[in-house]
Amino acid sequence: EKSVGILGIGSYVPEKIVTNKDLEKILDTSDEWIVDRTGIRERRIAEAGEATSDLATKAAEKALLDAGVSAEEIDIIIVATVTPDMLFPSVACLVQNNLKAIKAAAFDITAVCTGFMYGLVMGSAFIKSGTYKKVLVIGAETLSKITDWTDRNTAILFGDGAGAAVLGETSPGVGILGVDLGADGTGGDLLKVPAGGSKQPASAETISNNLHFIHMNGNEVFKFAVKVMGETAIKALENANLSPADVTYLVPHQANTRIIQSAAKRLALPMEKVLVNIDKYGNTSAASIPIALDEGIKSGRIKNGDILVLVGFGGGLTWGASVIKW
Ligand code: ACO
């Protein structure tokens, strides 16, 4: 079987920084509460008119450069997002045009914060099957655009950003060694944007009832996340014939420091082996794992031969993990 790995990676976050102190001015909250309960200190927020495809394109350009692969070589573009520029065309098609990736097929996937994990599995399957040689997988979000800035339960959590990876064939024994994906639709109500789709099309009523924003049952999502992060990581490790003791770094979805800490504890990993950047970006949904991975690599923390476990969870409910030998 072919070995598939990440040939290059890149990320981009908007320039505008919004601190917890800034949020104190518009919400009944405090820097202390937010840091203590979530670990978040600041987040990046896109400008008006700055869309998900803009962030995705910038991250993709960096990933292509890093991989030494040209846009024309890309066979397919997969964008994981729940904040597309519009319902259609897909963000992937907008990125295809921006990059002039003329040969590439393009589509979006919806797996919320697990989107990048789903994209990695799909992308590597295309290469393993021989269908395609070079795949661009992007996780990109502007959650600020679907955040209710009057709701302190959610507004403190989210940020905007994008991360991209170019996948291709690698030497045997290197690259993606094992994966796990899952979903539990019974938990769909815990995290959703209720309106704007076919169930409740946009109307004056859906707008006045705030139904185009993220609605979340934070406590239930928290419990689900703590349980599933460890489970899916262990399954992916088993599929790679490895155990938690073999892991050099855990690269978790950045939703809450306390969720990350309990996942690390379940895997018996000290926090030195966990990449955390939630303090700077908040929860960027599908973008958080590739941004953390990119920072881990560019900072020199991640080295050749390291065993990485990428792990995420999110709305759907969904979850997934991927074990990579770097
Ligand atoms: N500032 C101050 N107080 C607040 C704030 C705030 N921003 N938000 C809530 N509170 C209050 C609550 O009103 C509550 O007060 P009460 O006891 O008087 O009712 C109190 O703080 C405790 O609230 P809890 O909800 O119990 O706080 P908790 O410790 O559970 O933290 C949080 C809430 C941070 C949302 C947590 O539940 C969490 O992180 N959940 C997971 C969320 C998540 O990961 N979602 C994204 C999934 S990824 C995706 O797919 C997009």
# chains A, B, ... in the order shown; residues from 1 in each chain; ligands from 1
>>> residues_near_ligand(ligand="ligand 1", cutoff="8 Å", atoms="only C-alpha atoms and all ligand atoms", output="PyMOL selection string")
chain A and resi 27-30+33-34+37-38+112-114+152-158+191+216-223+225+255-256+258-259+283-285+313-317
>>> write_last_selection(atoms="N, CA and C atoms", output="compact mmCIF listing (two decimals), in the first residue's frame")
# COMPACT_ATOMS: atom_id res chain seq x y z
N LEU A 27 -19.58 42.61 26.83
CA LEU A 27 -20.28 41.49 27.45
C LEU A 27 -20.10 41.53 28.96
N ASP A 28 -21.05 40.91 29.68
CA ASP A 28 -20.91 40.78 31.13
C ASP A 28 -19.98 39.59 31.41
N THR A 29 -18.67 39.82 31.25
CA THR A 29 -17.69 38.76 31.46
C THR A 29 -16.40 39.39 31.96
N SER A 30 -15.39 38.54 32.24
CA SER A 30 -14.11 39.09 32.69
C SER A 30 -12.96 38.28 32.11
N TRP A 33 -12.37 35.20 34.22
CA TRP A 33 -13.29 34.08 34.01
C TRP A 33 -12.91 33.33 32.73
N ILE A 34 -12.66 34.07 31.69
CA ILE A 34 -12.38 33.43 30.39
C ILE A 34 -11.08 32.63 30.45
N ARG A 37 -11.66 29.50 32.82
CA ARG A 37 -12.59 28.46 32.37
C ARG A 37 -12.24 27.91 30.98
N THR A 38 -11.45 28.67 30.17
CA THR A 38 -11.19 28.21 28.80
C THR A 38 -9.73 28.22 28.39
N VAL A 112 -17.77 20.18 10.96
CA VAL A 112 -17.55 21.19 12.00
C VAL A 112 -16.09 21.13 12.47
N CYS A 113 -15.84 21.09 13.77
CA CYS A 113 -14.44 21.17 14.24
C CYS A 113 -13.62 19.94 13.88
N THR A 114 -14.29 18.83 13.48
CA THR A 114 -13.56 17.63 13.08
C THR A 114 -13.25 17.66 11.58
N ARG A 152 -22.68 35.70 25.97
CA ARG A 152 -21.37 35.47 26.61
C ARG A 152 -21.00 34.00 26.69
N ASN A 153 -22.00 33.11 26.58
CA ASN A 153 -21.71 31.67 26.63
C ASN A 153 -20.93 31.19 25.42
N THR A 154 -21.09 31.86 24.29
CA THR A 154 -20.40 31.42 23.08
C THR A 154 -19.38 32.45 22.55
N ALA A 155 -19.70 33.74 22.69
CA ALA A 155 -18.89 34.77 22.02
C ALA A 155 -17.43 34.79 22.48
N ILE A 156 -17.18 34.35 23.70
CA ILE A 156 -15.80 34.36 24.23
C ILE A 156 -14.94 33.26 23.63
N LEU A 157 -15.59 32.26 23.01
CA LEU A 157 -14.87 31.03 22.65
C LEU A 157 -14.19 31.05 21.29
N PHE A 158 -14.80 31.76 20.32
CA PHE A 158 -14.43 31.51 18.93
C PHE A 158 -13.48 32.54 18.32
N LEU A 191 -25.07 21.45 19.38
CA LEU A 191 -24.23 22.49 18.76
C LEU A 191 -24.74 22.71 17.35
N MET A 216 -25.33 26.58 21.46
CA MET A 216 -24.51 25.51 22.03
C MET A 216 -24.91 25.18 23.45
N ASN A 217 -24.95 23.88 23.74
CA ASN A 217 -25.08 23.43 25.12
C ASN A 217 -23.66 23.11 25.61
N GLY A 218 -23.02 24.13 26.19
CA GLY A 218 -21.60 24.03 26.53
C GLY A 218 -21.24 22.89 27.45
N ASN A 219 -22.07 22.66 28.47
CA ASN A 219 -21.74 21.61 29.45
C ASN A 219 -21.78 20.22 28.81
N GLU A 220 -22.80 19.98 27.98
CA GLU A 220 -22.92 18.66 27.35
C GLU A 220 -21.80 18.45 26.31
N VAL A 221 -21.48 19.51 25.57
CA VAL A 221 -20.39 19.40 24.59
C VAL A 221 -19.08 19.11 25.33
N PHE A 222 -18.90 19.76 26.46
CA PHE A 222 -17.69 19.57 27.26
C PHE A 222 -17.54 18.09 27.67
N LYS A 223 -18.62 17.51 28.19
CA LYS A 223 -18.57 16.11 28.65
C LYS A 223 -18.27 15.16 27.48
N ALA A 225 -16.75 15.91 24.70
CA ALA A 225 -15.40 16.14 24.19
C ALA A 225 -14.36 15.40 25.04
N ALA A 255 -10.35 23.80 21.76
CA ALA A 255 -11.69 24.31 22.11
C ALA A 255 -11.73 24.85 23.52
N ASN A 256 -10.95 24.22 24.41
CA ASN A 256 -10.93 24.62 25.81
C ASN A 256 -9.72 23.94 26.44
N ARG A 258 -9.17 23.10 29.39
CA ARG A 258 -9.53 22.02 30.34
C ARG A 258 -9.89 20.74 29.60
N ILE A 259 -10.49 20.85 28.41
CA ILE A 259 -10.78 19.65 27.60
C ILE A 259 -9.47 19.02 27.14
N ASN A 283 -11.12 29.13 19.72
CA ASN A 283 -11.53 27.95 18.96
C ASN A 283 -11.78 28.37 17.51
N THR A 284 -10.89 27.92 16.62
CA THR A 284 -11.05 28.25 15.20
C THR A 284 -11.64 27.07 14.42
N SER A 285 -12.34 26.18 15.12
CA SER A 285 -13.05 25.05 14.51
C SER A 285 -12.12 24.23 13.60
N PHE A 313 -12.86 16.99 17.74
CA PHE A 313 -14.27 16.68 17.99
C PHE A 313 -15.07 17.92 17.61
N GLY A 314 -16.34 17.73 17.37
CA GLY A 314 -17.14 18.91 17.06
C GLY A 314 -18.60 18.61 16.82
N GLY A 315 -19.29 19.59 16.29
CA GLY A 315 -20.72 19.48 16.04
C GLY A 315 -21.01 18.33 15.11
N GLY A 316 -22.22 17.83 15.22
CA GLY A 316 -22.64 16.68 14.40
C GLY A 316 -23.48 15.68 15.18
N LEU A 317 -22.93 15.16 16.24
CA LEU A 317 -21.55 15.28 16.75
C LEU A 317 -20.58 14.46 15.90
>>> residues_around(residues="Ile324 of chain A", least_positions_apart="6", cutoff="12 Å", atoms="only C-alpha atoms", output="tab-separated table (two decimals) with N, CA and C atoms, in the first residue's frame")
chain	number	residue	atom	x	y	z
A	3	SER	N	2.28	4.89	0.93
A	3	SER	CA	2.34	5.73	2.13
A	3	SER	C	1.97	7.15	1.73
A	4	VAL	N	1.12	7.76	2.54
A	4	VAL	CA	0.67	9.13	2.25
A	4	VAL	C	1.00	10.03	3.42
A	5	GLY	N	1.53	11.19	3.11
A	5	GLY	CA	1.88	12.12	4.19
A	5	GLY	C	1.66	13.56	3.80
A	6	ILE	N	1.96	14.44	4.75
A	6	ILE	CA	1.84	15.88	4.52
A	6	ILE	C	3.16	16.37	3.92
A	117	MET	N	-9.86	16.59	10.19
A	117	MET	CA	-9.60	15.15	10.34
A	117	MET	C	-10.30	14.36	9.23
A	120	LEU	N	-8.38	14.96	5.95
A	120	LEU	CA	-7.12	14.20	5.86
A	120	LEU	C	-7.39	12.75	5.43
A	121	VAL	N	-8.41	12.15	6.04
A	121	VAL	CA	-8.72	10.75	5.72
A	121	VAL	C	-9.17	10.63	4.26
A	124	SER	N	-6.16	11.29	1.88
A	124	SER	CA	-5.19	10.20	1.78
A	124	SER	C	-5.79	9.00	1.06
A	170	THR	N	4.58	9.47	0.24
A	170	THR	CA	5.83	9.62	1.01
A	170	THR	C	6.57	8.29	1.04
A	173	GLY	N	6.59	3.87	5.64
A	173	GLY	CA	6.79	4.00	7.08
A	173	GLY	C	6.64	5.41	7.60
A	174	VAL	N	6.57	6.38	6.69
A	174	VAL	CA	6.41	7.78	7.08
A	174	VAL	C	5.04	8.27	6.61
A	175	GLY	N	4.47	9.22	7.35
A	175	GLY	CA	3.18	9.79	6.95
A	175	GLY	C	2.05	9.29	7.83
A	176	ILE	N	0.86	9.20	7.26
A	176	ILE	CA	-0.33	8.83	8.04
A	176	ILE	C	-0.31	7.32	8.28
A	177	LEU	N	-0.21	6.94	9.56
A	177	LEU	CA	-0.06	5.51	9.91
A	177	LEU	C	-1.38	4.88	10.33
A	178	GLY	N	-2.30	5.69	10.86
A	178	GLY	CA	-3.57	5.13	11.32
A	178	GLY	C	-4.56	6.25	11.57
A	179	VAL	N	-5.85	5.95	11.33
A	179	VAL	CA	-6.87	6.99	11.51
A	179	VAL	C	-8.10	6.41	12.21
A	233	ALA	N	-8.35	8.97	19.86
A	233	ALA	CA	-6.89	8.95	19.75
A	233	ALA	C	-6.36	7.53	19.93
A	236	ALA	N	-7.11	5.38	16.83
A	236	ALA	CA	-6.21	5.68	15.71
A	236	ALA	C	-4.83	5.09	15.98
A	237	LEU	N	-4.38	5.17	17.24
A	237	LEU	CA	-3.08	4.58	17.60
A	237	LEU	C	-3.10	3.06	17.41
A	239	ASN	N	-4.93	1.41	15.34
A	239	ASN	CA	-4.91	1.16	13.89
A	239	ASN	C	-3.52	1.34	13.31
A	240	ALA	N	-2.67	2.08	14.02
A	240	ALA	CA	-1.29	2.27	13.58
A	240	ALA	C	-0.34	1.29	14.29
A	242	LEU	N	0.31	1.25	17.42
A	242	LEU	CA	1.08	2.03	18.40
A	242	LEU	C	0.24	2.21	19.66
A	246	ASP	N	4.05	5.79	22.71
A	246	ASP	CA	4.87	6.08	21.53
A	246	ASP	C	4.74	7.52	21.04
A	247	VAL	N	3.79	8.27	21.62
A	247	VAL	CA	3.44	9.59	21.07
A	247	VAL	C	4.46	10.66	21.45
A	248	THR	N	4.96	11.39	20.45
A	248	THR	CA	5.85	12.53	20.73
A	248	THR	C	5.02	13.76	21.05
A	249	TYR	N	4.02	14.05	20.20
A	249	TYR	CA	3.14	15.21	20.45
A	249	TYR	C	1.69	14.90	20.13
A	250	LEU	N	0.82	15.38	21.00
A	250	LEU	CA	-0.61	15.39	20.74
A	250	LEU	C	-0.94	16.76	20.15
A	251	VAL	N	-1.66	16.77	19.03
A	251	VAL	CA	-2.06	18.04	18.40
A	251	VAL	C	-3.59	18.08	18.43
A	293	LEU	N	-0.50	22.49	14.21
A	293	LEU	CA	0.53	21.64	13.58
A	293	LEU	C	1.56	22.52	12.87
A	302	ILE	N	8.44	20.17	16.44
A	302	ILE	CA	8.21	18.88	15.78
A	302	ILE	C	9.39	18.58	14.86
A	303	LYS	N	9.94	17.36	15.01
A	303	LYS	CA	11.12	16.98	14.22
A	303	LYS	C	10.83	15.72	13.42
A	304	ASN	N	11.65	15.49	12.40
A	304	ASN	CA	11.50	14.28	11.59
A	304	ASN	C	11.54	13.04	12.48
A	305	GLY	N	10.61	12.13	12.23
A	305	GLY	CA	10.56	10.89	13.00
A	305	GLY	C	9.61	10.95	14.18
A	306	ASP	N	9.15	12.14	14.54
A	306	ASP	CA	8.21	12.28	15.66
A	306	ASP	C	6.88	11.59	15.32
A	307	ILE	N	6.26	11.03	16.36
A	307	ILE	CA	4.92	10.45	16.20
A	307	ILE	C	3.91	11.47	16.73
A	308	LEU	N	3.02	11.91	15.83
A	308	LEU	CA	2.01	12.91	16.18
A	308	LEU	C	0.63	12.28	16.19
A	309	VAL	N	-0.18	12.70	17.15
A	309	VAL	CA	-1.59	12.31	17.11
A	309	VAL	C	-2.43	13.57	17.00
A	310	LEU	N	-3.06	13.74	15.85
A	310	LEU	CA	-3.98	14.86	15.63
A	310	LEU	C	-5.35	14.37	16.07
A	311	VAL	N	-6.05	15.15	16.89
A	311	VAL	CA	-7.34	14.67	17.38
A	311	VAL	C	-8.34	15.81	17.51
>>> residues_around(residues="Ile109 of chain A", least_positions_apart="6", cutoff="8 Å", atoms="only C-alpha atoms", output="list in words")
Ile78, Val79, Ala80, Thr81, Gly115 and Gly119 of chain A
>>> closest_residue(among="A:Ile17, A:Ile146, A:Ala165, A:Leu94", to="Ala60 of chain A", atoms="only C-alpha atoms")
A:Ala165
>>> residues_around(residues="Pro270 of chain A", least_positions_apart="4", cutoff="12 Å", atoms="only C-alpha atoms", output="list in words")
Pro244, Ala245, Val247, Thr248, Tyr249, Leu250, Ile260, Gln261, Ser262, Ala263, Ala264, Lys265, Arg266, Val274 and Leu275 of chain A
>>> write_last_selection(atoms="C-alpha atoms", output="compact mmCIF listing (two decimals), in the first residue's frame")
# COMPACT_ATOMS: atom_id res chain seq x y z
CA PRO A 244 0.04 6.35 23.81
CA ALA A 245 3.57 5.71 25.11
CA VAL A 247 3.44 9.59 21.07
CA THR A 248 5.85 12.53 20.73
CA TYR A 249 3.14 15.21 20.45
CA LEU A 250 -0.61 15.39 20.74
CA ILE A 260 -7.22 19.36 26.22
CA GLN A 261 -5.83 18.66 29.70
CA SER A 262 -8.32 15.86 30.38
CA ALA A 263 -7.62 14.31 26.98
CA ALA A 264 -3.87 14.38 27.75
CA LYS A 265 -4.54 12.83 31.14
CA ARG A 266 -6.56 9.98 29.60
CA VAL A 274 0.70 18.62 23.91
CA LEU A 275 0.65 21.51 21.45
>>> residues_around(residues="Gly8 of chain A", least_positions_apart="4", cutoff="7 Å", atoms="only C-alpha atoms", output="list of chain:residue names")
A:Ala63, A:Leu64, A:Asp66, A:Ala67, A:Ala165, A:Val166
>>> select_by_dssp(residues="segment 114-314 of chain A", states="alpha helix (DSSP H)", output="VMD selection string")
chain A and resid 115 to 128 152 to 155 204 to 208 218 to 239 257 to 266 278 to 281 288 to 298
>>> atom_distance(atom1="atom CA of Tyr118 of chain A", atom2="atom CA of Ala321 of chain A")
8.8 Å
>>> select_by_dssp(residues="segment 28-152 of chain A", states="strand (DSSP E or B)", output="list in words")
Glu42, Arg43, Arg44, Ile76, Ile77, Ile78, Val79, Ala80, Ala105, Ala106, Phe107, Asp108, Ile109, Val135, Leu136, Val137, Ile138, Gly139, Ala140, Glu141 and Thr142 of chain A
>>> closest_residue(among="A:Ile45, A:Val323, A:Ile40, A:Val82", to="Lys16 of chain A", atoms="only C-alpha atoms")
A:Ile45
>>> residues_around(residues="segment 103-108 of chain A", least_positions_apart="5", cutoff="12 Å", atoms="only C-alpha atoms", output="JSON, numbers by chain")
{"A": [52, 53, 56, 70, 71, 72, 73, 74, 75, 76, 77, 78, 79, 80, 81, 82, 83, 84, 85, 86, 87, 88, 89, 90, 91, 92, 93, 94, 95, 96, 97, 115, 116, 118, 119, 122, 123, 126, 131, 132, 133, 134, 135, 136, 137, 138, 139, 140, 286]}
>>> write_last_selection(atoms="C-alpha atoms", output="PDB file, in the first residue's frame")
ATOM      1  CA  THR A  52     -13.355  32.241   4.699  1.00  0.00           C
ATOM      2  CA  SER A  53     -12.051  31.783   1.133  1.00  0.00           C
ATOM      3  CA  ALA A  56      -8.144  29.631   3.066  1.00  0.00           C
ATOM      4  CA  SER A  70       2.663  24.307  -7.766  1.00  0.00           C
ATOM      5  CA  ALA A  71      -1.070  25.071  -7.835  1.00  0.00           C
ATOM      6  CA  GLU A  72      -1.318  23.443 -11.283  1.00  0.00           C
ATOM      7  CA  GLU A  73      -0.138  20.140  -9.806  1.00  0.00           C
ATOM      8  CA  ILE A  74      -3.039  19.903  -7.350  1.00  0.00           C
ATOM      9  CA  ASP A  75      -5.575  17.235  -8.370  1.00  0.00           C
ATOM     10  CA  ILE A  76      -8.303  18.026  -5.841  1.00  0.00           C
ATOM     11  CA  ILE A  77      -9.055  20.648  -3.195  1.00  0.00           C
ATOM     12  CA  ILE A  78     -11.031  19.699  -0.076  1.00  0.00           C
ATOM     13  CA  VAL A  79     -12.124  22.519   2.238  1.00  0.00           C
ATOM     14  CA  ALA A  80     -13.525  21.723   5.673  1.00  0.00           C
ATOM     15  CA  THR A  81     -15.677  24.620   6.854  1.00  0.00           C
ATOM     16  CA  VAL A  82     -19.014  25.517   8.418  1.00  0.00           C
ATOM     17  CA  THR A  83     -18.602  29.180   7.545  1.00  0.00           C
ATOM     18  CA  PRO A  84     -18.518  29.168   3.732  1.00  0.00           C
ATOM     19  CA  ASP A  85     -18.553  32.520   1.942  1.00  0.00           C
ATOM     20  CA  MET A  86     -22.085  31.581   0.827  1.00  0.00           C
ATOM     21  CA  LEU A  87     -24.139  28.375   0.560  1.00  0.00           C
ATOM     22  CA  PHE A  88     -22.655  27.820  -2.873  1.00  0.00           C
ATOM     23  CA  PRO A  89     -20.356  27.913  -4.769  1.00  0.00           C
ATOM     24  CA  SER A  90     -18.164  26.009  -2.343  1.00  0.00           C
ATOM     25  CA  VAL A  91     -15.168  27.643  -0.677  1.00  0.00           C
ATOM     26  CA  ALA A  92     -13.050  25.009  -2.442  1.00  0.00           C
ATOM     27  CA  CYS A  93     -14.162  26.339  -5.851  1.00  0.00           C
ATOM     28  CA  LEU A  94     -13.411  29.932  -4.795  1.00  0.00           C
ATOM     29  CA  VAL A  95      -9.946  28.843  -3.627  1.00  0.00           C
ATOM     30  CA  GLN A  96      -9.403  26.878  -6.849  1.00  0.00           C
ATOM     31  CA  ASN A  97     -10.015  30.091  -8.791  1.00  0.00           C
ATOM     32  CA  GLY A 115     -13.513  18.786   9.459  1.00  0.00           C
ATOM     33  CA  PHE A 116      -9.755  18.725   9.005  1.00  0.00           C
ATOM     34  CA  TYR A 118     -12.273  14.067   7.844  1.00  0.00           C
ATOM     35  CA  GLY A 119     -10.419  15.926   5.072  1.00  0.00           C
ATOM     36  CA  MET A 122     -10.527  11.501   2.435  1.00  0.00           C
ATOM     37  CA  GLY A 123      -7.464  13.088   0.892  1.00  0.00           C
ATOM     38  CA  PHE A 126      -7.733   9.419  -2.910  1.00  0.00           C
ATOM     39  CA  THR A 131      -7.127   8.263  -8.092  1.00  0.00           C
ATOM     40  CA  TYR A 132      -5.050  11.386  -7.390  1.00  0.00           C
ATOM     41  CA  LYS A 133      -1.431  12.255  -6.645  1.00  0.00           C
ATOM     42  CA  LYS A 134      -1.564  15.679  -4.946  1.00  0.00           C
ATOM     43  CA  VAL A 135      -4.404  16.746  -2.656  1.00  0.00           C
ATOM     44  CA  LEU A 136      -4.865  20.119  -0.945  1.00  0.00           C
ATOM     45  CA  VAL A 137      -6.776  19.842   2.344  1.00  0.00           C
ATOM     46  CA  ILE A 138      -7.811  23.071   4.055  1.00  0.00           C
ATOM     47  CA  GLY A 139      -9.566  23.790   7.350  1.00  0.00           C
ATOM     48  CA  ALA A 140     -10.824  27.380   7.262  1.00  0.00           C
ATOM     49  CA  ALA A 286     -11.720  23.128  11.461  1.00  0.00           C
TER      50      ALA A 286
END
